[in-house]
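Dropping upload_33.txt in here (compact mmCIF, C-alpha atoms and all ligand atoms):
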# COMPACT_ATOMS: atom_id res chain seq x y z
CA MET C 19 77.50 119.29 85.56
CA THR C 20 76.66 116.56 83.12
CA SER C 21 73.42 117.12 81.28
CA ASN C 22 70.96 114.30 81.64
CA GLN C 23 69.01 115.10 78.51
CA GLY C 24 67.26 111.80 78.14
CA GLY C 25 65.77 112.25 81.58
CA LEU C 26 66.98 108.79 82.47
CA ALA C 27 66.94 107.58 86.02
CA LEU C 28 70.33 107.88 87.70
CA GLN C 29 71.67 104.83 89.43
CA CYS C 30 73.73 105.49 92.53
CA PHE C 31 77.25 104.10 92.06
CA VAL C 32 77.63 103.52 95.78
CA CYS C 33 74.45 101.67 96.77
CA SER C 34 72.87 100.94 93.35
CA THR C 35 69.60 102.67 94.24
CA VAL C 36 67.82 104.04 91.18
CA ASN C 37 67.08 107.73 91.64
CA PRO C 38 64.86 110.16 89.74
CA PRO C 39 66.61 111.95 86.84
CA ASP C 40 66.58 115.34 88.56
CA GLY C 41 68.08 114.02 91.80
CA GLN C 42 71.18 115.73 93.14
CA THR C 43 71.92 113.24 95.88
CA CYS C 44 70.99 109.60 96.36
CA LYS C 45 67.68 109.24 98.19
CA ARG C 46 69.02 106.18 100.05
CA CYS C 47 72.67 106.84 100.95
CA GLY C 48 72.89 110.61 100.42
CA LYS C 49 75.95 110.50 98.14
CA PRO C 50 76.01 112.97 95.24
CA LEU C 51 74.70 111.68 91.92
CA LEU C 52 76.40 112.22 88.60
CA ASP C 53 75.92 110.65 85.21
CA TRP C 54 79.17 108.69 85.45
CA GLU C 55 78.34 106.63 82.39
CA GLU C 56 78.53 109.77 80.31
CA VAL C 57 81.62 111.20 82.02
CA SER C 58 83.30 107.84 81.65
CA GLU C 59 82.35 107.45 78.00
CA SER C 60 83.61 110.92 77.13
CA TYR C 61 86.72 111.25 79.25
CA SER C 62 88.16 107.94 80.51
CA VAL C 63 90.21 107.66 77.33
CA CYS C 64 91.90 111.02 78.15
CA PHE C 65 93.60 109.67 81.27
CA THR C 66 97.22 108.52 80.97
CA GLU C 67 99.98 108.70 83.59
CA GLN C 68 102.07 110.96 81.38
CA GLY C 69 99.11 113.19 80.50
CA PHE C 70 98.19 113.48 84.17
CA TRP C 71 101.65 114.64 85.28
CA ASP C 72 101.99 117.00 82.31
CA LYS C 73 98.66 118.54 83.28
CA ILE C 74 99.76 118.97 86.90
CA ASP C 75 103.04 120.42 85.72
CA GLU C 76 101.58 122.95 83.31
CA GLU C 77 98.18 123.76 84.77
CA ARG C 78 98.32 123.44 88.54
CA ILE C 79 98.18 127.20 89.11
CA ASN C 80 95.14 127.60 86.87
CA ALA C 81 93.46 124.53 88.30
CA GLY C 82 94.12 125.74 91.84
CA ILE C 83 95.40 123.97 94.90
CA GLU C 84 92.03 122.42 95.89
CA ALA C 85 91.28 120.75 92.56
CA THR C 86 94.93 119.70 92.16
CA ARG C 87 94.93 118.09 95.60
CA ARG C 88 91.71 116.21 94.91
CA ALA C 89 93.13 114.97 91.61
CA LEU C 90 96.29 113.79 93.39
CA VAL C 91 94.34 112.00 96.14
CA LEU C 92 92.34 110.12 93.48
CA TYR C 93 95.48 109.41 91.49
CA TYR C 94 97.27 107.90 94.46
CA THR C 95 94.14 106.00 95.48
CA LEU C 96 94.20 104.39 92.03
CA THR C 97 97.94 103.78 91.74
CA LEU C 98 98.87 102.71 95.28
CA GLY C 99 96.98 99.51 94.56
CA ASN C 100 94.08 99.15 96.99
CA THR C 101 93.04 95.58 96.28
CA LYS C 102 89.71 96.07 98.04
CA MET C 103 88.64 98.73 95.57
CA PRO C 104 85.94 97.46 93.18
CA GLU C 105 86.10 97.99 89.41
CA TRP C 106 83.34 100.64 89.42
CA ALA C 107 85.37 102.75 91.85
CA LYS C 108 88.46 102.53 89.64
CA GLY C 109 86.26 103.48 86.69
CA VAL C 110 85.03 106.59 88.52
CA ILE C 111 88.62 107.64 89.25
CA VAL C 112 89.77 107.14 85.66
CA ALA C 113 86.73 109.10 84.38
CA ALA C 114 87.28 111.99 86.82
CA LEU C 115 91.02 112.15 86.12
CA GLY C 116 90.35 111.87 82.38
CA LEU C 117 88.13 114.94 82.60
CA PHE C 118 90.85 116.71 84.59
CA VAL C 119 93.43 115.91 81.90
CA ALA C 120 91.17 116.78 78.93
CA PRO C 121 91.70 120.40 77.83
CA ASN C 122 88.27 120.75 76.21
CA ASP C 123 85.77 119.36 78.66
CA MET C 124 82.40 120.82 79.64
CA ILE C 125 83.97 124.21 80.32
CA PRO C 126 87.24 124.47 78.33
CA ASP C 127 90.15 124.75 80.76
CA LYS C 128 91.66 127.81 79.08
CA ILE C 129 88.74 130.06 80.07
CA PRO C 130 90.20 132.23 82.85
CA ARG C 131 88.88 131.61 86.38
CA MET C 132 86.04 129.40 85.05
CA GLY C 133 87.79 126.67 83.10
CA TYR C 134 88.33 124.35 86.03
CA ALA C 135 84.90 124.72 87.64
CA ASP C 136 83.62 121.52 86.02
CA ASP C 137 86.83 119.60 86.75
CA SER C 138 86.70 120.73 90.35
CA ALA C 139 83.02 119.76 90.74
CA VAL C 140 83.55 116.30 89.26
CA LEU C 141 86.69 115.70 91.36
CA THR C 142 84.74 116.73 94.47
CA VAL C 143 81.87 114.35 93.72
CA ALA C 144 84.30 111.51 92.98
CA THR C 145 86.13 112.16 96.26
CA GLN C 146 82.84 112.11 98.17
CA ILE C 147 81.52 108.87 96.71
CA LEU C 148 84.89 107.12 97.04
CA GLU C 149 85.55 108.30 100.60
CA MET C 150 85.67 104.73 101.93
CA TYR C 151 88.47 103.74 99.53
CA ILE C 152 90.73 106.75 100.08
CA SER C 153 93.51 105.61 102.38
CA PRO C 154 95.48 107.81 104.79
CA GLU C 155 98.53 106.95 102.70
CA ALA C 156 96.95 108.30 99.50
CA SER C 157 96.02 111.53 101.30
CA MET C 158 99.52 111.82 102.75
CA ARG C 159 101.20 111.31 99.38
CA ALA C 160 98.91 113.96 97.88
CA ASP C 161 99.86 116.41 100.65
CA GLU C 162 103.56 115.74 100.08
CA THR C 163 103.21 116.34 96.35
CA ILE C 164 101.22 119.53 96.97
CA ALA C 165 103.97 120.77 99.32
CA GLU C 166 106.52 120.25 96.53
CA LEU C 167 104.38 121.92 93.87
CA PHE C 168 102.97 125.02 95.55
ZN ZN C 201 73.17 105.60 97.09

How does this structure look as structure tokens?
Amino acid sequence: MTSNQGGLALQCFVCSTVNPPDGQTCKRCGKPLLDWEEVSESYSVCFTEQGFWDKIDEERINAGIEATRRALVLYYTLTLGNTKMPEWAKGVIVAALGLFVAPNDMIPDKIPRMGYADDSAVLTVATQILEMYISPEASMRADETIAELF
């Protein structure tokens, strides 16, 4: 997971509570904490539509069905145009998908069996904190795409 070297307090993206730097989950709302500022700064730029589909196309077997499905759910949540979704939530999706697309992230994706552990963890956290914005339609579209791909 992201290193929090400065030992800075982590602000919960869901409820804005400031949590101690070593916190794993928010002390108020219980959602997992991650240094999204850092993930966003490093990886948001890596996300493009084309890059995303190329990644799915070439790497879905290595990434595995679970991580691929989570990435697709987030992708459809972003692109199906949920007008109620705040900017921070869109930012989390772009950061998580950027990390998924980037070949050299925390654990380089080409490392067999290990390369997608970080991607998978970040996609899982993003899915958990954005639960309220993930529509049944986004989940359904992800399931349809998974059925075509695997
Ligand atoms: Zn919280």

Emit as AutoDock Vina command-line options the padded axis-aligned box for all listed atoms of segment 149-157 of chain C, 3 Å per side, with centre and edge lengths in Å to one decimal.
--center_x 92.0 --center_y 107.6 --center_z 102.1 --size_x 19.0 --size_y 13.8 --size_z 11.3

Counting all atoms listed in the file, give me one row per residue of chain C with an atom at most 9 Å from an atom of ligand ZN 201 (chain C), showing the shortest contact pair and its distance in Å to one decimal, sorted by chain then residue number, as a tab-separated table.
residue	atom	partner	partner_atom	distance
C:Gln29	CA	C:ZN201	ZN	7.8
C:Cys30	CA	C:ZN201	ZN	4.6
C:Phe31	CA	C:ZN201	ZN	6.6
C:Val32	CA	C:ZN201	ZN	5.1
C:Cys33	CA	C:ZN201	ZN	4.1
C:Ser34	CA	C:ZN201	ZN	6.0
C:Thr35	CA	C:ZN201	ZN	5.4
C:Val36	CA	C:ZN201	ZN	8.1
C:Asn37	CA	C:ZN201	ZN	8.4
C:Thr43	CA	C:ZN201	ZN	7.8
C:Cys44	CA	C:ZN201	ZN	4.6
C:Lys45	CA	C:ZN201	ZN	6.7
C:Arg46	CA	C:ZN201	ZN	5.1
C:Cys47	CA	C:ZN201	ZN	4.1
C:Gly48	CA	C:ZN201	ZN	6.0
C:Lys49	CA	C:ZN201	ZN	5.7
C:Pro50	CA	C:ZN201	ZN	8.1
C:Leu51	CA	C:ZN201	ZN	8.1
C:Ile147	CA	C:ZN201	ZN	9.0

Smallest atom-to-atom distance to Met132 of chain C: which of C:Ile152, C:Ala81, C:Val57, C:Val63, using all atoms listed in the file?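 Nearest to Met132 of chain C: C:Ala81.
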
Interatomic distance between atom CA of Ala27 of chain C and atom CA of Ser138 of chain C?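 Here the two named atoms are 24.1 Å from each other.
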
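The space between atom CA of Ile74 of chain C and atom CA of Thr86 of chain C spans 7.2 Å.
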
Spatial neighbours of Val112 of chain C, max dist 7 Å, only C-alpha atoms, sep filter under 3 positions, as a list in words: Ser62, Phe65, Lys108, Gly109, Leu115 and Gly116 of chain C

Selected residue, from C:Tyr93, C:Tyr134, C:Phe70, C:Phe168, that lies nearest to Ile111 of chain C when counting all atoms listed in the file: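 Under the stated criterion, the closest residue is C:Tyr93.
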
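Atom CA of Gly69 of chain C lies 19.3 Å from atom CA of Glu84 of chain C.
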
Closest of C:Ala120, C:Ile125, C:Ile83, C:Leu141 to Cys64 of chain C - atom-to-atom distances counting all atoms listed in the file: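 Looking at the shortest contact to Cys64 of chain C, the residue is C:Ala120.
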
Rank C:Tyr61, C:Trp71, C:Tyr94, C:Tyr151 by their smallest atom-to-atom distance to Ala113 of chain C, using only C-alpha atoms, and report the top residue only. C:Tyr61

Do you know which residues are at most 12 Å from Met158 of chain C counting only C-alpha atoms, after dropping those on the same chain fewer than 3 positions away, and could you put them as a list in words? Arg87, Arg88, Leu90, Val91, Leu92, Tyr94, Thr95, Leu98, Ile152, Ser153, Pro154, Glu155, Asp161, Glu162, Thr163, Ile164 and Ala165 of chain C

Take the point (105.7, 124.1, 89.3) as written in the file and pick out every residue within 8 Å of it, counting only C-alpha atoms; give the list as a ChimeraX atom specification. /C:75-76,78,167-168

Prev. selection, C-alpha atoms, output as a compact mmCIF listing (two decimals), in the coordinates of the input:
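part_24.txt, written as the output of this step:
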# COMPACT_ATOMS: atom_id res chain seq x y z
CA ASP C 75 103.04 120.42 85.72
CA GLU C 76 101.58 122.95 83.31
CA ARG C 78 98.32 123.44 88.54
CA LEU C 167 104.38 121.92 93.87
CA PHE C 168 102.97 125.02 95.55

Check the smallest atom-to-atom distance from each of C:Thr101, C:Val143, C:Asp123, C:Arg131 to Asn80 of chain C using only C-alpha atoms, then report the winner. C:Arg131

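Residue nearest Lys102 of chain C, chosen from C:Asp137, C:Met150, C:Asp127, C:Glu77 and counting all atoms listed in the file: C:Met150.
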